[in-house]
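Dropping protein.txt in here (compact mmCIF, C-alpha atoms):
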# COMPACT_ATOMS: atom_id res chain seq x y z
CA MET W 167 21.50 19.95 -89.56
CA GLN W 168 22.75 19.35 -86.05
CA PRO W 169 21.28 21.70 -83.47
CA ALA W 170 23.69 24.07 -81.88
CA ALA W 171 24.78 23.20 -78.35
CA SER W 172 22.95 25.21 -75.77
CA SER W 173 25.11 27.49 -73.68
CA PRO W 174 25.23 26.76 -69.86
CA ALA W 175 22.89 28.75 -67.63
CA PRO W 176 24.58 31.56 -65.73
CA ALA W 177 25.46 30.61 -62.11
CA ILE W 178 23.59 32.31 -59.30
CA ASP W 179 26.04 33.90 -56.91
CA ALA W 180 25.44 32.92 -53.27
CA PRO W 181 25.94 35.68 -50.82
CA GLY W 182 29.51 35.65 -49.68
CA PHE W 183 30.11 34.82 -46.00
CA SER W 184 33.42 34.33 -44.25
CA THR W 185 34.42 33.76 -40.69
CA SER W 186 37.08 36.45 -40.77
CA ARG W 187 34.66 39.06 -42.05
CA PHE W 188 32.05 38.06 -39.46
CA ARG W 189 34.59 38.35 -36.68
CA ALA W 190 35.91 41.70 -37.92
CA GLU W 191 32.42 43.19 -37.99
CA ARG W 192 31.29 41.99 -34.56
CA GLU W 193 34.33 41.28 -32.44
CA GLY W 194 34.40 44.83 -31.08
CA ASP W 195 31.04 44.25 -29.38
CA TRP W 196 32.26 41.00 -27.85
CA ILE W 197 35.38 42.61 -26.44
CA ALA W 198 33.41 45.55 -25.04
CA PHE W 199 30.88 43.19 -23.47
CA ASP W 200 33.63 41.06 -21.93
CA LYS W 201 35.27 44.15 -20.38
CA LEU W 202 31.98 45.32 -18.90
CA LEU W 203 31.30 41.87 -17.42
CA THR W 204 34.78 41.78 -15.87
CA LYS W 205 34.22 45.21 -14.33
CA LEU W 206 30.80 44.12 -13.09
CA GLU W 207 32.30 41.02 -11.44
CA LYS W 208 35.00 43.00 -9.65
CA LYS W 209 33.12 46.15 -8.61
CA GLY W 210 29.45 45.30 -8.88
CA ALA W 211 26.76 47.39 -10.50
CA LYS W 212 27.81 50.44 -8.45
CA GLY W 213 31.16 50.40 -10.23
CA LEU W 214 29.57 50.99 -13.64
CA GLY W 215 28.76 54.42 -15.01
CA SER W 216 25.35 55.32 -16.40
CA ASP W 217 26.54 54.94 -20.01
CA GLU W 218 28.00 51.53 -19.22
CA LEU W 219 24.77 50.39 -17.59
CA LEU W 220 22.86 51.39 -20.72
CA GLN W 221 25.37 49.58 -22.95
CA LEU W 222 25.27 46.36 -20.97
CA PRO W 223 21.89 44.96 -22.20
CA LEU W 224 22.58 46.20 -25.76
CA LEU W 225 25.92 44.40 -25.91
CA TYR W 226 24.31 41.32 -24.37
CA ARG W 227 21.69 41.21 -27.13
CA ALA W 228 24.39 41.80 -29.77
CA THR W 229 26.36 38.84 -28.39
CA LEU W 230 23.26 36.63 -28.48
CA SER W 231 22.64 37.67 -32.07
CA SER W 232 26.21 36.73 -32.99
CA LEU W 233 25.78 33.38 -31.26
CA SER W 234 22.58 32.69 -33.18
CA ILE W 235 24.28 33.42 -36.53
CA ALA W 236 27.33 31.37 -35.55
CA ARG W 237 25.14 28.35 -34.79
CA ALA W 238 23.16 28.72 -38.03
CA THR W 239 26.20 29.03 -40.28
CA SER W 240 28.36 26.40 -38.55
CA LEU W 241 31.33 28.67 -37.98
CA ASP W 242 34.49 27.33 -36.38
CA LYS W 243 34.02 25.59 -33.02
CA ALA W 244 36.43 27.83 -31.09
CA MET W 245 34.40 30.94 -31.93
CA LEU W 246 31.15 29.15 -31.14
CA ASP W 247 32.43 28.03 -27.73
CA HIS W 248 33.65 31.54 -26.95
CA LEU W 249 30.29 33.10 -27.78
CA GLU W 250 28.37 30.49 -25.77
CA ALA W 251 30.56 31.04 -22.70
CA LEU W 252 30.30 34.82 -23.03
CA SER W 253 26.51 34.67 -23.42
CA MET W 254 26.06 32.39 -20.41
CA ARG W 255 28.33 34.56 -18.29
CA GLY W 256 26.41 37.63 -19.36
CA TYR W 257 23.06 36.02 -18.52
CA PHE W 258 24.02 35.26 -14.93
CA LEU W 259 25.55 38.69 -14.37
CA VAL W 260 22.85 40.73 -16.09
CA TYR W 261 19.71 38.78 -15.12
CA GLY W 262 20.87 36.48 -12.33
CA VAL W 263 20.39 37.24 -8.64
CA ARG W 264 23.71 38.34 -7.19
CA GLU W 265 24.23 38.11 -3.47
CA SER W 266 27.25 39.17 -1.46
CA ARG W 267 29.05 36.87 0.96
CA MET W 268 27.79 38.87 3.92
CA SER W 269 24.24 38.65 2.60
CA ARG W 270 24.53 34.88 2.20
CA LEU W 271 25.95 34.58 5.74
CA ALA W 272 23.12 36.69 7.13
CA ARG W 273 20.57 34.55 5.28
CA PHE W 274 22.14 31.38 6.69
CA LEU W 275 22.11 32.69 10.26
CA ARG W 276 18.63 34.14 10.01
CA TYR W 277 16.77 31.47 8.03
CA ASP W 278 18.72 28.43 6.81
CA TRP W 279 20.31 27.28 10.06
CA PRO W 280 17.17 27.58 12.26
CA ALA W 281 15.05 25.95 9.53
CA ALA W 282 17.45 22.99 9.35
CA VAL W 283 17.33 22.55 13.15
CA ARG W 284 13.52 22.67 13.14
CA ALA W 285 13.51 20.02 10.41
CA VAL W 286 15.30 17.53 12.72
CA TRP W 287 13.19 18.17 15.82
CA LYS W 288 12.13 14.52 16.12
CA GLU W 289 15.72 13.32 15.94
CA THR W 290 16.68 16.00 18.49
CA LEU W 291 14.19 14.64 21.03
CA VAL W 292 15.42 11.07 20.50
CA ILE W 293 19.08 12.01 20.98
CA ALA W 294 18.29 14.14 24.05
CA LEU W 295 16.56 11.16 25.65
CA VAL W 296 19.46 8.86 24.78
CA MET W 297 21.98 11.24 26.36
CA LEU W 298 19.79 11.69 29.42
CA LEU W 299 19.62 7.92 29.74
CA GLY W 300 23.43 7.81 29.82
CA VAL W 301 23.52 10.43 32.58
CA LEU W 302 20.89 8.61 34.65
CA THR W 303 22.59 5.25 34.17
CA SER W 304 25.99 6.33 35.50
CA TRP W 305 24.42 8.50 38.20
CA SER W 306 22.30 5.66 39.56
CA LEU W 307 25.19 3.19 39.47
CA VAL W 308 27.63 5.53 41.23
CA ALA W 309 25.01 6.62 43.77
CA GLY W 310 24.30 2.98 44.59
CA ASN W 311 27.93 1.84 44.58
CA PRO W 312 30.63 4.56 44.49
CA GLU W 313 33.17 2.08 43.13
CA TRP W 314 31.44 2.33 39.76
CA TYR W 315 32.81 5.87 39.51
CA TYR W 316 36.28 4.66 38.65
CA ASN W 317 34.91 2.78 35.62
CA PHE W 318 33.47 5.97 34.16
CA VAL W 319 36.03 8.70 34.98
CA GLN W 320 39.76 8.24 34.45
CA GLU W 321 41.77 8.65 37.64
CA GLU W 322 44.23 11.14 36.14
CA LEU W 323 41.32 13.38 35.15
CA SER W 324 39.40 13.11 38.41
CA GLY W 325 42.25 14.81 40.30
CA GLY W 326 40.92 13.69 43.67
CA ARG W 327 37.32 14.56 42.85
CA ASP W 328 36.02 11.12 43.64
CA PRO W 329 33.77 9.52 46.27
CA ARG W 330 36.61 9.64 48.83
CA ALA W 331 37.06 13.44 48.61
CA SER W 332 35.87 15.71 51.40
CA VAL W 333 33.07 18.22 51.04
CA GLU W 334 35.49 21.11 51.58
CA PHE W 335 37.79 19.91 48.83
CA LEU W 336 34.97 19.39 46.35
CA ARG W 337 33.51 22.81 47.15
CA SER W 338 36.88 24.46 46.56
CA THR W 339 37.06 23.01 43.06
CA LEU W 340 33.88 24.84 42.04
CA GLY W 341 35.47 28.29 42.23
CA HIS W 342 33.90 29.43 45.49
CA GLY W 343 34.00 28.51 49.12
CA GLY W 344 37.71 27.72 49.21
CA GLU W 345 41.17 29.00 48.38
CA ASP W 346 42.70 25.81 47.01
CA GLY W 347 44.00 27.05 43.65
CA GLU W 348 45.38 23.61 42.78
CA ALA W 349 41.96 22.04 43.25
CA GLN W 350 40.31 24.66 41.05
CA SER W 351 42.95 24.12 38.41
CA GLY W 352 42.28 20.40 38.55
CA LEU W 353 38.60 20.88 37.84
CA HIS W 354 39.49 23.22 34.97
CA VAL W 355 41.49 20.34 33.52
CA PHE W 356 38.41 18.16 33.77
CA ALA W 357 36.30 20.92 32.20
CA THR W 358 38.72 21.19 29.30
CA TYR W 359 38.66 17.42 28.91
CA LEU W 360 34.86 17.41 29.00
CA PHE W 361 34.63 20.15 26.36
CA THR W 362 37.19 18.46 24.09
CA HIS W 363 35.56 15.08 24.62
CA ASN W 364 32.07 16.39 23.85
CA SER W 365 33.28 18.24 20.74
CA ARG W 366 35.04 15.16 19.40
CA VAL W 367 32.11 12.87 20.12
CA SER W 368 29.70 15.37 18.55
CA ILE W 369 31.61 15.40 15.28
CA MET W 370 31.95 11.61 15.30
CA SER W 371 28.23 11.21 16.00
CA PHE W 372 27.47 13.13 12.83
CA ALA W 373 30.19 11.50 10.73
CA LEU W 374 29.09 7.95 11.65
CA GLY W 375 25.41 8.59 11.04
CA PHE W 376 25.55 6.88 7.66
CA ALA W 377 26.14 3.51 9.43
CA PHE W 378 22.39 3.17 10.07
CA ALA W 379 22.75 5.61 13.04
CA VAL W 380 23.83 2.82 15.41
CA PRO W 381 27.26 4.36 16.27
CA THR W 382 25.56 7.74 16.68
CA MET W 383 23.17 6.41 19.33
CA MET W 384 25.99 4.64 21.15
CA LEU W 385 28.22 7.71 21.19
CA GLU W 386 25.47 9.99 22.46
CA TYR W 387 24.70 7.50 25.24
CA TYR W 388 28.38 7.35 26.14
CA GLN W 389 28.54 11.15 26.14
CA GLY W 390 26.35 11.31 29.23
CA ILE W 391 28.23 8.64 31.20
CA SER W 392 31.16 10.65 32.63
CA LEU W 393 28.92 13.63 33.32
CA GLY W 394 26.45 11.54 35.30
CA ALA W 395 29.22 9.92 37.34
CA MET W 396 30.75 13.28 38.33
CA LEU W 397 27.34 14.69 39.13
CA ALA W 398 26.63 11.73 41.42
CA VAL W 399 29.83 12.37 43.40
CA PHE W 400 29.02 16.05 44.04
CA ALA W 401 25.34 15.35 44.72
CA GLY W 402 26.34 12.68 47.24
CA LYS W 403 28.25 15.34 49.19
CA GLY W 404 25.36 17.81 49.08
CA LEU W 405 26.98 19.90 46.32
CA GLY W 406 24.76 18.87 43.41
CA VAL W 407 23.25 22.35 43.01
CA ASP W 408 26.66 24.01 43.07
CA PHE W 409 28.09 21.55 40.56
CA GLY W 410 25.04 22.07 38.37
CA GLY W 411 25.71 25.83 38.32
CA TRP W 412 29.38 25.22 37.50
CA LEU W 413 28.29 23.11 34.54
CA PHE W 414 25.14 25.03 33.58
CA ILE W 415 26.80 28.28 32.52
CA HIS W 416 28.27 26.67 29.42
CA GLY W 417 26.65 23.23 29.43
CA THR W 418 23.31 24.41 28.08
CA THR W 419 25.09 25.51 24.90
CA GLU W 420 27.65 22.71 24.71
CA LEU W 421 25.26 19.83 25.40
CA PHE W 422 22.60 21.33 23.12
CA ALA W 423 25.21 21.37 20.35
CA ALA W 424 26.06 17.74 21.12
CA VAL W 425 22.39 16.77 20.87
CA LEU W 426 22.01 18.57 17.54
CA SER W 427 25.08 16.84 16.10
CA GLY W 428 23.60 13.49 17.07
CA ALA W 429 20.27 14.52 15.54
CA ALA W 430 22.06 15.39 12.28
CA GLY W 431 23.73 11.97 12.23
CA LEU W 432 20.44 10.27 13.07
CA ARG W 433 18.72 12.09 10.19
CA ILE W 434 21.23 10.61 7.73
CA GLY W 435 21.07 7.16 9.32
CA THR W 436 17.28 6.93 9.20
CA ALA W 437 17.31 8.15 5.59
CA VAL W 438 19.63 5.27 4.70
CA VAL W 439 17.49 2.72 6.56
CA PHE W 440 14.13 4.09 5.37
CA PRO W 441 14.73 5.71 1.97
CA GLY W 442 11.10 5.48 0.88
CA ALA W 443 10.60 5.74 -2.88
CA ARG W 444 14.12 7.12 -3.36
CA THR W 445 17.34 5.21 -3.66
CA ARG W 446 19.41 5.03 -0.48
CA LEU W 447 22.08 7.20 -2.05
CA GLN W 448 19.55 9.86 -3.01
CA ALA W 449 17.87 9.73 0.41
CA ALA W 450 21.22 10.10 2.17
CA SER W 451 22.12 12.99 -0.12
CA ASP W 452 18.86 14.82 0.62
CA ALA W 453 19.25 14.26 4.37
CA GLY W 454 22.89 15.32 4.20
CA ARG W 455 21.97 18.79 2.93
CA THR W 456 19.85 19.45 6.00
CA ALA W 457 22.28 17.74 8.37
CA GLY W 458 25.21 19.70 6.95
CA LYS W 459 23.53 23.02 7.75
CA VAL W 460 22.87 21.80 11.29
CA MET W 461 26.53 20.84 11.73
CA VAL W 462 27.81 24.23 10.57
CA GLY W 463 25.68 25.70 13.32
CA VAL W 464 26.94 23.13 15.82
CA ILE W 465 30.51 24.31 15.22
CA LEU W 466 29.44 27.88 15.97
CA MET W 467 27.66 26.75 19.14
CA LEU W 468 30.77 24.90 20.32
CA LEU W 469 32.80 28.08 19.82
CA VAL W 470 30.30 30.00 21.99
CA ALA W 471 30.44 27.22 24.59
CA GLY W 472 34.23 27.43 24.58
CA LEU W 473 34.10 31.16 25.33
CA LEU W 474 31.62 30.62 28.14
CA GLU W 475 33.75 27.83 29.57
CA GLY W 476 37.00 29.73 29.24
CA PHE W 477 35.92 33.14 30.49
CA GLY W 478 32.40 33.24 31.87
CA ARG W 479 32.79 30.43 34.34
CA GLN W 480 36.12 31.74 35.62
CA LEU W 481 34.87 35.29 36.14
CA ILE W 482 31.41 34.45 37.48
CA THR W 483 31.56 32.41 40.70
CA GLY W 484 28.05 32.91 42.09
CA THR W 485 25.88 29.81 41.65
CA ALA W 486 22.69 31.80 41.05
CA MET W 487 24.40 33.93 38.42
CA ARG W 488 25.76 30.82 36.71
CA TYR W 489 22.30 29.31 36.55
CA GLY W 490 20.92 32.60 35.28
CA ILE W 491 23.40 32.84 32.41
CA GLY W 492 22.93 29.18 31.52
CA THR W 493 19.15 29.60 31.51
CA LEU W 494 19.46 32.75 29.41
CA MET W 495 21.61 30.92 26.84
CA LEU W 496 19.20 27.98 26.71
CA SER W 497 16.25 30.35 26.24
CA PHE W 498 18.12 32.15 23.48
CA TRP W 499 18.85 28.93 21.56
CA LEU W 500 15.29 27.65 21.93
CA ALA W 501 13.84 30.95 20.73
CA TYR W 502 16.37 31.26 17.92
CA TYR W 503 15.66 27.79 16.57
CA TYR W 504 12.01 27.16 17.22
CA ILE W 505 10.23 30.48 16.87
CA PRO W 506 9.18 30.30 13.20
CA ARG W 507 9.94 33.20 10.91
CA ARG W 508 8.95 33.97 7.34
CA GLU W 509 11.75 34.58 4.91
CA ASP W 510 11.61 37.93 3.17
CA VAL W 511 10.72 37.70 -0.49
CA ALA W 512 12.99 39.80 -2.67
The structure given in the file should be rewritten as structure tokens.
Amino acid sequence: MQPAASSPAPAIDAPGFSTSRFRAEREGDWIAFDKLLTKLEKKGAKGLGSDELLQLPLLYRATLSSLSIARATSLDKAMLDHLEALSMRGYFLVYGVRESRMSRLARFLRYDWPAAVRAVWKETLVIALVMLLGVLTSWSLVAGNPEWYYNFVQEELSGGRDPRASVEFLRSTLGHGGEDGEAQSGLHVFATYLFTHNSRVSIMSFALGFAFAVPTMMLEYYQGISLGAMLAVFAGKGLGVDFGGWLFIHGTTELFAAVLSGAAGLRIGTAVVFPGARTRLQAASDAGRTAGKVMVGVILMLLVAGLLEGFGRQLITGTAMRYGIGTLMLSFWLAYYYIPRREDVA
């Protein structure tokens, strides 16, 4: 007798799970969380009510839970991407440190900019010496042979302020001791040229730092040439102190900015030449972060110098007062940069 065929074992029902059902059950939390995050982005925490602040971490955890289930059950990719983006956005807004633009600007002015300048103090000394060498070179050449002056200062910019000018004429160009308005205007043209020239050279000194810092050193040396030649002319007529006051009121800020721009370029150039254990690209990138902060500050210093050149020097004609303001500005920059400060810990 043939045995009867055994009946098949009953199938075990797996728990039913569908994407549409999962979405229907939880999508309300996602939408509510997204709305709260949008409100938080636009108005900040102060724009949320007490109930909304209490809901925020609960909805964040609910979204993370949904993301965990979505990853485990391999739901559709679009939903998975949406939950990942929402969770990451929620993390940065709920737990991340949020700082306003004004707070970031204040931090830069108070800590980041001075710290970057202190970091390039060696380069700053080198560039200052290079610029001083340019001033001394042209000064000594013009003092020894006045004909050298015409090689350093363009004739259309000198406006008669050359070795052949009289003491009275040169004094009148400094804003005191004479009534020659045309002469004063001529020196203002030279001042504008000097400011524009120094600003342009400062930016180029930084931009060309990557070329092993050679163009930077040459530009900073050249930056002192025209200044030294003009100083030699006035000093030769016994007006060196007066010319120094005319320049000092804004020059301490403007030339300091020029030195810092050269220091920033030199920092990048030396990093390329001597990268150490890093690649040259990585070394230049690291140096560029510090140099970039210095250059943002240089732009601000040039703006201050422009205001001093445009208004302060025209309104203040006393030599002693000009030296006083220039010394005050130099003291301010030195204190601002080089007096160390400890950053507040939040």
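Near Leu426 (chain W), within a cut-off of 8 Å and counting all atoms listed in the file, sit the residues Val283, Thr290, Ile293, Val460, Met461 and Val464 of chain W, with same-chain residues fewer than 6 positions away left out.
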Show me, as a PyMOL selection string, the residues that have an atom within 12 Å of region 368-374 of chain W when counting only C-alpha atoms, minus same-chain residues fewer than 5 positions from it. chain W and resi 293+297+360-363+379-390+420-435+453-454+457-462+464-465+467-468
Give the answer as one residue: which of W:Arg237, W:Phe199, W:Phe376, W:Ala272 has the shortest atom-to-atom distance to Leu447 (chain W), using all atoms listed in the file? W:Phe376
Need the shell around Tyr257 (chain W): protein/DNA/RNA residues with any atom at most 12 Å away, counting all atoms listed in the file. Skip same-chain ones fewer than 3 positions apart. Format as a list in words? Phe199, Leu203, Leu222, Pro223, Leu225, Tyr226, Arg227, Thr229, Leu230, Glu250, Ala251, Leu252, Ser253, Met254, Val260, Tyr261, Gly262, Val263 and Arg264 of chain W
With distances taken over all atoms listed in the file, which of W:Leu271, W:Leu397, W:Ala471, W:Ile415 is nearest to Ser306 (chain W)? W:Leu397
Which residue of W:Glu334, W:Glu289, W:Asp278, W:Glu218 approaches Arg507 (chain W) most closely, using only C-alpha atoms: W:Asp278
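The spacing separating CA of Leu307 (chain W) from CA of Met396 (chain W) amounts to 11.6 Å.
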Near-region 494-506 of chain W list (9 Å; all atoms listed in the file; drop same-chain fewer than 6 positions) as a compact mmCIF listing (two decimals) with C-alpha atoms, keeping the file's coordinate frame:
# COMPACT_ATOMS: atom_id res chain seq x y z
CA ARG W 276 18.63 34.14 10.01
CA TRP W 279 20.31 27.28 10.06
CA PRO W 280 17.17 27.58 12.26
CA ALA W 281 15.05 25.95 9.53
CA ALA W 282 17.45 22.99 9.35
CA VAL W 283 17.33 22.55 13.15
CA ARG W 284 13.52 22.67 13.14
CA ILE W 415 26.80 28.28 32.52
CA HIS W 416 28.27 26.67 29.42
CA THR W 418 23.31 24.41 28.08
CA THR W 419 25.09 25.51 24.90
CA PHE W 422 22.60 21.33 23.12
Near Ala486 (chain W), counting only C-alpha atoms, which residues have an atom at most 12 Å away, once you skip same-chain residues fewer than 3 positions from it, shown as a count of residues only? 15
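When CA of Thr303 (chain W) is paired with CA of Leu474 (chain W), their separation reads 27.6 Å.
With all atoms listed in the file as the atoms that count, the minimum distance from Gly417 (chain W) to the choices W:Arg444, W:Gly463, W:Leu246, W:Val470 is reached by W:Val470.
Considering the residues W:Ile391, W:Phe440, W:Ala450, W:Thr204 and counting all atoms listed in the file, Val301 (chain W) has its shortest atom-to-atom contact with W:Ile391.
One finds CA of Arg366 (chain W) at 13.1 Å from CA of Leu469 (chain W).
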